[in-house]
Amino acid sequence: MWRYLARRAGQAIPTAIGVVLITFVLFHVVGGSPAASVLGQNADARSLAEFDAARGYDKPLFFGNWAPTRALESVDFKAASPAVRARWHAGETGPLRLEDGEALTLPLAFDLPADERWRLTVIGRGPGFPSEESVAGSAAKHAASDFSTVWKKVFHSVENPEFRASGGWAEISGVKLEKKTRHFFDSQLTDYFRRVLRLDFGTSTSLNQPVIRLLLAGIGPSLALTVPILLIELGVSLTLALLCAYRRGAWLDRSLVAICVALMSVNYLVWIVVGQFVLAYKWGWFPVWGFESVRHLLLPVLIGVATGLGVNIRFYRTILLEEMNKEYVRTAFAKGLSAKKVLFKHVLKNAMGPVITNVALALPFLYTGSLLLESFFGIPGLGYLSLNAIYSADVDVVRAVVLVGALLFIAANILADVALAWVNPRVKLT
Amino acid sequence: MGEPPGEADMSARVNEWNPAVEAGAMEGLSFWRETGQRLWASRIARACLAVLAIFFLVALAAELAHDWYAWRDVTPPWQAQNLSARYMPPGPGHWLGTDGLGRDVALRLAQGARIAFHVGVVSSLIAIPIGVLLGCLGGYFGGWVDDLVVWLTTVFAAIPGLLFVLAIAMVVGKGLLGVFLAIGLTTWVSTCRLIRAEVLKQRERGYVRAAQALGFSSGRILFRHILPNVIHVALVSFTLRFPAAIGTEVFLSFLGIGAQNQPSWGTMIAAARLRLWQGMWWELAAVTVAIFAVVLAFNLLGDQLRDALDPRLRTAAVT
């Protein structure tokens, strides 16, 4: 038993790593730093850089010794916009030209902190340009005649960030400023993995609280909503599915199936909007909004059950029908057992496998709560939290909910397998 | 538990006998024709196809109207505000009434159909090729390729669907592009699993063995011989994904991260929801009925199509 559990957990590790990787790709590689959307359009570069540093967005994505910085955006005069050219005093077209003795003024957004190591890469040419290393051919084939000769690339250590042409003119085609990382693998990826292992999900930018505390606070209300939904739905849909399977092909079965398909086709939003309006507001059967007493939960639970009923009845009916076609059922009927006995004693027990799997795989969704039900009815659970986080671009919260939801799903899968083996002695635990 | 009657599908059996015949040739046509006839024989399927034809024509007309007004560069009538005609109940001038800014609900509904159609088609064009390609490769080659495909599907399936969709839409940004990508990149998993299982079965068939013995390349066997025999899986999955995609689009647009500045069914529900409390029921009713009809037609058609394609289910189907 324990060995089986350990083996299944071992098999789940690649999946868990995959989930962490996917969230990393989504939020770090594609999404990038949320600094601009959190701090607003008018935030200055220094506060953006501080935000990045606090959350590790100033590191390279995967690995590297040098990372880009917000103090100076890399510039390439071959493809720079007029606004960028103006900032560098680079004239209308062509490379930036420095006369003998003239210094390059870097349009730094803020003074570079002295406790970091910086590297300035300058690509240029001309007698005034220091000749150490040449970038052979990199720009040589470029069509514009201005950029057609061989360019050299120099690294300028930046104690005072200055680049001066000495001994003649110099032309500069590109400038890049980078910050030294602590070591080669000090990257966002390793940082992210380390944080996940320590269960450190970051800090919410909109609520200024550790995400883990928000998750723990939200889980109670979410469970208060989703556990009743799951249990009631399971009871009702399994009962109705048994009824369908028992009266298979009769008008009861057929009309129930038709109702199921119709229920499935009503939009989820409509259920909530109309349910809240008619049952709570118009008829006053339930409170409209709030999370104060059990009475406040009745309507959301009712709507939650209604929305899932169609799919579930159909699913359980298919499973039961498959079971009803088996030979042992025919035998049981043939030896004169009552339909009730066959259905509840034989069929239901044997159909328990898929039912358990279905329920176990629904367990993680207990945790993520119901996005819409919670926000419509003002239940301060995780669904409400996630939706607000998405509105306010609170990346840490969204990432944490997605990640934890996925990891719970993997755990539920293992749980389902173990439970399956537990109810079905034919499954061997090896 | 009896053996299922006959082989899983007709063209595969024919190809097994004539390995030299390319799949999808003469016999393949008759397979599709037979499926079509079986489908057409069902009254429900015919009704569904009629509903979907209307949906398609409305979406097409709305697309043409949209392009026409965009080309002329004038404000289209479904955006033009007419504050003297606000909250008009359904009547002769406006069949489905007007909304809070005096815009005709029927015209906005047609534009919503256009967006729903876009979302269904584009997200399928993202998801189905990914699913079919990965499923084919994993099922046919096995080994580490299959391990990789299975790993990818397991990882994607583990992430909670709606949250994943929302997260992608959030990262990509507001607008329909985010909706397309979010739905497309999260829903390829089921198609991939179905195709992979089907390819695994086909791989052992005689016609594949024969093609291998003749020295055909893997690509040719996979995409010219096996693919036509498994592509019906993608068709069924298309009819099932379409209503789900519409539902997700409505959800995203309702939340304000889907369609921007154009009437979608989701934004219409969002607006109508507030007016419902003031007694303006027609906008919400119109959208509800439209979504219901389209989604129901797709759901039923998907069931019918599955029955028509699968001879094993044909006998068990209760109609």
# chains A, B, ... in the order shown; residues from 1 in each chain; ligands from 1

$ interface_residues --of "chain B" --to "chain A" --cutoff "9 Å" --atoms "only C-alpha atoms" --output "PyMOL selection string"
chain B and resi 1-2+151-152+154-160+162-164+166-168+170-172+243+247+250-251+254-255+257+266+269+273+276-277+284+288-289+291-297+299-300+318-319

$ write_last_selection --atoms "C-alpha atoms" --output "mmCIF file, in the first residue's frame"
data_model
loop_
_atom_site.group_PDB
_atom_site.id
_atom_site.type_symbol
_atom_site.label_atom_id
_atom_site.label_comp_id
_atom_site.auth_asym_id
_atom_site.auth_seq_id
_atom_site.Cartn_x
_atom_site.Cartn_y
_atom_site.Cartn_z
ATOM 1 C CA MET B 1 -19.929 -8.827 -22.215
ATOM 2 C CA GLY B 2 -20.240 -9.474 -25.931
ATOM 3 C CA TRP B 151 3.584 14.326 -20.209
ATOM 4 C CA LEU B 152 2.402 17.467 -21.996
ATOM 5 C CA THR B 154 -1.044 15.421 -18.276
ATOM 6 C CA VAL B 155 0.474 18.766 -17.359
ATOM 7 C CA PHE B 156 -2.080 20.780 -19.321
ATOM 8 C CA ALA B 157 -4.947 18.683 -17.997
ATOM 9 C CA ALA B 158 -3.801 19.240 -14.417
ATOM 10 C CA ILE B 159 -4.207 23.016 -14.526
ATOM 11 C CA PRO B 160 -7.735 24.151 -13.573
ATOM 12 C CA LEU B 162 -11.180 28.285 -16.255
ATOM 13 C CA LEU B 163 -8.338 29.755 -14.210
ATOM 14 C CA PHE B 164 -5.855 28.755 -16.905
ATOM 15 C CA LEU B 166 -8.263 33.582 -17.383
ATOM 16 C CA ALA B 167 -4.532 33.606 -16.703
ATOM 17 C CA ILE B 168 -3.672 33.334 -20.403
ATOM 18 C CA MET B 170 -4.687 38.228 -18.535
ATOM 19 C CA VAL B 171 -1.130 37.748 -19.773
ATOM 20 C CA VAL B 172 -2.001 38.256 -23.458
ATOM 21 C CA PRO B 243 -20.374 25.245 -27.696
ATOM 22 C CA GLY B 247 -19.495 29.537 -23.334
ATOM 23 C CA VAL B 250 -19.323 34.690 -23.138
ATOM 24 C CA PHE B 251 -17.722 34.281 -19.725
ATOM 25 C CA PHE B 254 -18.864 39.219 -19.470
ATOM 26 C CA LEU B 255 -15.879 39.830 -17.203
ATOM 27 C CA ILE B 257 -11.498 40.801 -20.730
ATOM 28 C CA GLY B 266 -21.061 38.191 -23.010
ATOM 29 C CA ILE B 269 -25.372 39.819 -20.688
ATOM 30 C CA ARG B 273 -27.905 42.039 -16.068
ATOM 31 C CA LEU B 276 -32.936 43.349 -15.544
ATOM 32 C CA TRP B 277 -33.295 44.792 -12.055
ATOM 33 C CA LEU B 284 -31.211 39.176 -21.509
ATOM 34 C CA THR B 288 -30.263 33.589 -23.445
ATOM 35 C CA VAL B 289 -32.393 32.102 -26.186
ATOM 36 C CA ILE B 291 -26.975 30.939 -26.744
ATOM 37 C CA PHE B 292 -29.343 28.179 -25.713
ATOM 38 C CA ALA B 293 -30.372 27.395 -29.293
ATOM 39 C CA VAL B 294 -26.843 27.318 -30.670
ATOM 40 C CA VAL B 295 -25.316 25.356 -27.801
ATOM 41 C CA LEU B 296 -28.201 22.883 -27.703
ATOM 42 C CA ALA B 297 -27.946 22.315 -31.446
ATOM 43 C CA ASN B 299 -24.628 19.335 -28.168
ATOM 44 C CA LEU B 300 -27.338 17.270 -29.840
ATOM 45 C CA VAL B 318 -31.818 5.366 -27.713
ATOM 46 C CA THR B 319 -33.532 7.822 -29.992
#

$ atom_distance --atom1 "CA of Gly304 in chain A" --atom2 "CA of Ile229 in chain A"
6.1 Å

$ residues_around --residues "Leu52 in chain B" --least-positions-apart "2" --cutoff "9 Å" --atoms "only C-alpha atoms" --output "PyMOL selection string"
chain B and resi 47-50+54-57+293-294+297-298

$ residues_around --residues "Phe376 in chain A" --least-positions-apart "3" --cutoff "9 Å" --atoms "only C-alpha atoms" --output "number ranges by chain"
A: 272-273, 276, 289, 300, 371-373, 379, 384

$ select_by_dssp --residues "range 9-250 of chain B" --states "helix (DSSP H, G or I)" --output "VMD selection string"
chain B and resid 10 to 17 26 to 40 43 to 72 83 to 85 105 to 141 143 to 158 161 to 172 176 to 186 188 to 203 206 to 213 218 to 250

$ residues_around --residues "Ile356 in chain A" --least-positions-apart "4" --cutoff "8 Å" --atoms "only C-alpha atoms" --output "list in words"
Met352, Ala360, Ala416, Ala419 and Leu420 of chain A

$ write_last_selection --atoms "C-alpha atoms" --output "mmCIF file, in the first residue's frame"
data_model
loop_
_atom_site.group_PDB
_atom_site.id
_atom_site.type_symbol
_atom_site.label_atom_id
_atom_site.label_comp_id
_atom_site.auth_asym_id
_atom_site.auth_seq_id
_atom_site.Cartn_x
_atom_site.Cartn_y
_atom_site.Cartn_z
ATOM 1 C CA MET A 352 -18.309 2.839 -8.091
ATOM 2 C CA ALA A 360 -11.874 12.703 -6.728
ATOM 3 C CA ALA A 416 -8.438 8.498 -6.943
ATOM 4 C CA ALA A 419 -9.428 4.808 -3.584
ATOM 5 C CA LEU A 420 -10.094 2.803 -6.711
#

$ closest_residue --among "B:Trp32, B:Arg275, B:Leu64, B:Ala127" --to "Thr98 in chain B" --atoms "only C-alpha atoms"
B:Arg275

$ atom_distance --atom1 "CA of Arg247 in chain A" --atom2 "CA of Ser338 in chain A"
13.7 Å

$ atom_distance --atom1 "CA of Leu382 in chain A" --atom2 "CA of Gly275 in chain A"
22.0 Å

$ residues_around --residues "Leu302 in chain A" --least-positions-apart "4" --cutoff "12 Å" --atoms "only C-alpha atoms" --output "list of chain:residue names"
A:Leu225, A:Thr226, A:Pro228, A:Ile229, A:Leu230, A:Leu231, A:Ile232, A:Glu233, A:Val236, A:Trp271, A:Ile272, A:Gly275, A:Gln276, A:Leu279, A:Ala280, A:Phe286, A:Arg295, A:His296, A:Leu297, A:Leu298, A:Ala306, A:Thr307, A:Gly308, A:Leu309, A:Leu373

$ residues_around --residues "Glu198 in chain B" --least-positions-apart "5" --cutoff "12 Å" --atoms "only C-alpha atoms" --output "PDB file with C-alpha atoms, in the first residue's frame"
ATOM      1  CA  ALA B   8     -14.614   0.129 -35.565  1.00  0.00           C
ATOM      2  CA  ASP B   9     -14.994   1.740 -38.948  1.00  0.00           C
ATOM      3  CA  ALA B  12     -10.160   0.884 -42.204  1.00  0.00           C
ATOM      4  CA  VAL B 132      -4.158  15.992 -33.965  1.00  0.00           C
ATOM      5  CA  GLY B 135      -1.789  12.702 -30.875  1.00  0.00           C
ATOM      6  CA  CYS B 136      -0.630  11.262 -34.204  1.00  0.00           C
ATOM      7  CA  LEU B 137       3.057  11.580 -33.366  1.00  0.00           C
ATOM      8  CA  GLY B 138       2.690  10.121 -29.873  1.00  0.00           C
ATOM      9  CA  GLY B 139       0.435   7.283 -30.947  1.00  0.00           C
ATOM     10  CA  TYR B 140       2.448   6.285 -33.983  1.00  0.00           C
ATOM     11  CA  THR B 191      -8.545  15.979 -28.927  1.00  0.00           C
ATOM     12  CA  CYS B 192      -4.955  14.848 -28.532  1.00  0.00           C
ATOM     13  CA  ARG B 193      -5.901  12.023 -26.168  1.00  0.00           C
ATOM     14  CA  ARG B 203      -1.040   1.258 -35.840  1.00  0.00           C
ATOM     15  CA  GLU B 204      -1.489  -2.482 -35.401  1.00  0.00           C
ATOM     16  CA  ARG B 205      -3.831  -2.827 -38.360  1.00  0.00           C
ATOM     17  CA  ILE B 226      -3.733   6.590 -40.752  1.00  0.00           C
ATOM     18  CA  LEU B 227      -4.946  10.186 -40.507  1.00  0.00           C
ATOM     19  CA  PRO B 228      -7.992   9.765 -42.791  1.00  0.00           C
ATOM     20  CA  ASN B 229      -9.048   6.856 -40.608  1.00  0.00           C
ATOM     21  CA  VAL B 230      -8.900   8.807 -37.362  1.00  0.00           C
ATOM     22  CA  ILE B 231      -9.932  12.278 -38.470  1.00  0.00           C
ATOM     23  CA  HIS B 232     -13.595  11.643 -37.637  1.00  0.00           C
ATOM     24  CA  VAL B 233     -12.530  11.894 -33.997  1.00  0.00           C
ATOM     25  CA  ALA B 234     -11.497  15.479 -34.644  1.00  0.00           C
TER      26      ALA B 234
END

$ closest_residue --among "B:Ile44, B:Ala245, B:Ala62, B:Leu214" --to "Leu125 in chain B" --atoms "only C-alpha atoms"
B:Ala245
